[in-house]
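> Sharing a structure below in structure tokens format, with a few things to ask.
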Amino acid sequence: MKISIFGTGYVGLVTGACLADVGHDVICVDINQAKIDGLKQGIIPIYEPGLESVVKSNVAQGNLRFTTSAAEAVQHGEVIFIAVGTPPDEDGSADLQYVMAVGKTIGELMQSYKVVVNKSTVPVGTADKVTAVISQALQQRGFNAEFDVVSNPEFLKEGAAVADFMRPDRIVIGTSSAFAEGVMREVYAPFNRNHEKIIVMDVRSSELTKYAANCMLATKISFMNEMANIAERVGADIENVRKGIGSDPRIGYHFIYAGCGYGGSCFPKDVQALARTAGQYGYESKILNAVEAVNDKQKTKLFELICKHYGASETDTSALKGKTFALWGLAFKPNTDDMREAPSRVLMEALWAAGATVKAYDPEAMDETQRIYGNRADLVLCGTKEAALNGANALIICTEWKNFKAADFSLIKECVADDVLFDGRNLFDPALVSRNGLIYFAIGRADSIK
Ligand SMILES: NC(=O)c1ccc[n+]([C@@H]2O[C@H](COP(=O)([O-])OP(=O)(O)OC[C@H]3O[C@@H](n4cnc5c(N)ncnc54)[C@H](O)[C@@H]3O)[C@@H](O)[C@H]2O)c1
């Protein structure tokens with residue numbers, strides 16, 4: 001099938017590459033000229049495992065092309081995906097300006113029937129808005145063409161985006177048009193061979209399903225962080241509690257890790273946006289507001305532990321002035337270079353405000369860190385995790401990258417002047433770290449609060 005994708009970010013590029021990989025004829029269009037120029041030269045703008053080879057092989061086979069020409073993309077696609085960003089507005093609701101701009105462009109350029117697919121995460125009612133903007137643009141041209149707007153939210157996880165797209169748990173399609181449903185079934189047929197994964201529903205339920213999924217996952221994390229904060233006060237260990245509750249199949253082991261808070265481009269904005277949507281309909285979502293508040297607080301947790309250890313306080317952080325902290329992990333989670341809303345940013349900014357220096361290492365997010373913060377004397381980007389330790393007072397871990405999990409404690413002890421490790425991801429057994437002569441602070445572990 002001929003498919004066009006508007007937006008060549010995490011979702012658009014992965015969608016385009018994977019649809020091309022199963023044999024569709026795909027054009028990806030973006031307004032970012034530099035990104036498209038780079039893609040044409042084989043430069044992948046993001047880090048996602050497996051993405052580069054899928055993009056390159058499909059470009060070579062002629063199934064996947066990149067352009068900045070909306071006209072070319074609209075002309076090409078029988079199915080047009082909208083996969084542009086929906087960042088938070090000033091009040092936390094989803095900013096639909098990019099989605100609506102694409103809708104308008106499609107209406108201005110289309111010459112024949114199109115299935116327009118909202119793949120961006122958009123509030124309930126957005127398909128109606130996109131329908132209206134396309135109709136209006138057609139009307140202004142005095143041109144009559146049929147189209148359907150379908151909701152098809154994306155559930156891929158950054159860091160495993162290609163694998164998730166290739167083997168989805170479910171493919172949600174929101175439409176009341178039998179014809180559009182048939183077209184979407186054809187698009188996804190190659191991903192639906194093993195067993196039925198397509199779930200067709202009305203558009204509004206489909207739009208809400210995406211928010212419900214992300215909000216449920218964010219709720220699990222904030223719930224566990226709340227339990228962790230209780231655990232450390234009552235002398236319990238959240239890691240034992242996690243195993244104890246995860247063994248109940250109604251709860252399960254997935255996604256119940258306590259830590260230094262969730263980040264990324266999805267959970268923070270989607271929790272906020274759904275709470276705002278509820279508010280617009282006259283409903284105050286106490287759970288979503290609490291999920292957000294718990295997470296905001298949790299992102300300051302490591303800094304609080306550091307302050308406590310060094311005798312600093314919220315109002316007087318002078319005890320941290322001149323200290324150097326090795327920081328392992330900058331990305332908001334492993335296997336990505338994405339730093340949007342990353343807990344590491346809240347921590348680094350607090351340390352800098354206190355007059356401390358950060359020596360940071362991340363396997364993939366170094367360029368992104370440099371892009372965000374530029375050159376500054378109190379940020380040293382190190383080529384290896386070991387190099388970050390040299391001359392540091394303490395080590396802090398913010399992201400659970402695989403190669404941090406088996407740490408060389410004797411090297412850490414040798415390099416880190418104050419013999420202290422702050423672990424925002426509960427990677428280690430506290431007794432083992434102590435046996436290696438390090439003071440260990442983690443999340444929700446009684447030993448950590450001493
Ligand atoms: N990142 C994820 O893991 C993920 C997962 C599921 C859903 N989503 C949702 O998917 C959407 C896209 O997210 P993302 O992380 O890929 O965003 P992104 O910021 O990485 O990419 C968006 C891209 O859209 C481009 N763009 C903006 N306006 C355009 C226009 N008029 N024409 C063509 N291109 C345009 C931008 O230049 C950018 O390259 C969001 O709604 C997000 O919530 C994201």
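Lettering and numbering for the structure tokens are positional, with chains as A, B, ... in the shown order, residues counted from 1 in each chain, and ligands counted from 1 in the shown order.
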Please identify which residues in range 141-300 of chain A DSSP calls strand (DSSP E) from the backbone, and express them as a list in words.

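Of range 141-300 of chain A, the ones in strand (DSSP E) are Phe147, Asp148, Val149, Val150, Ser151, Ile171, Val172, Ile173, Gly174, Ile198, Ile199, Val200 and Met201 of chain A.
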
> Produce as a PyMOL selection string the set of residues near ligand 1, where near means within 9 Å with only C-alpha atoms and all ligand atoms considered.

chain A and resi 5-14+28-33+35-36+46+68-70+82-87+94+96-103+105+118-122+153-159+161+210+264-267+269-270+338

> Residues at most 6 Å from Lys197 in chain A, counting only C-alpha atoms, excluding those fewer than 3 positions away in the same chain, as a compact mmCIF listing (two decimals) with N, CA, C and O atoms, in the first residue's frame?


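Below is the file that was written, selection.txt:
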# COMPACT_ATOMS: atom_id res chain seq x y z
N ARG A 170 -1.24 -5.27 20.84
CA ARG A 170 -2.56 -4.99 20.28
C ARG A 170 -2.44 -3.83 19.29
O ARG A 170 -1.51 -3.01 19.37
N ILE A 171 -3.39 -3.82 18.36
CA ILE A 171 -3.45 -2.73 17.39
C ILE A 171 -4.86 -2.15 17.52
O ILE A 171 -5.84 -2.80 17.17
N ASN A 192 -0.40 -9.09 11.94
CA ASN A 192 -1.57 -9.69 12.58
C ASN A 192 -1.71 -11.16 12.21
O ASN A 192 -2.79 -11.73 12.33

> Counting only C-alpha atoms, which of A:Asp91, A:Asp296, A:Asp423, A:Glu368 gets nearest to Ala326 in chain A?

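Of all the options, A:Asp423 lies closest to Ala326 in chain A.
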
> Point out the residue among A:Met184, A:Ile199, A:Val55, A:Val294 with the least atom-to-atom distance to Ile43 in chain A, counting only C-alpha atoms.

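Under the stated criterion, the closest residue is A:Val55.
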
> Could you please write out, as number ranges by chain, every residue of range 214-409 of chain A that DSSP assigns to alpha helix (DSSP H)?

A: 214-234, 238-246, 267-280, 286-298, 301-310, 343-353, 366-373, 385-389, 409
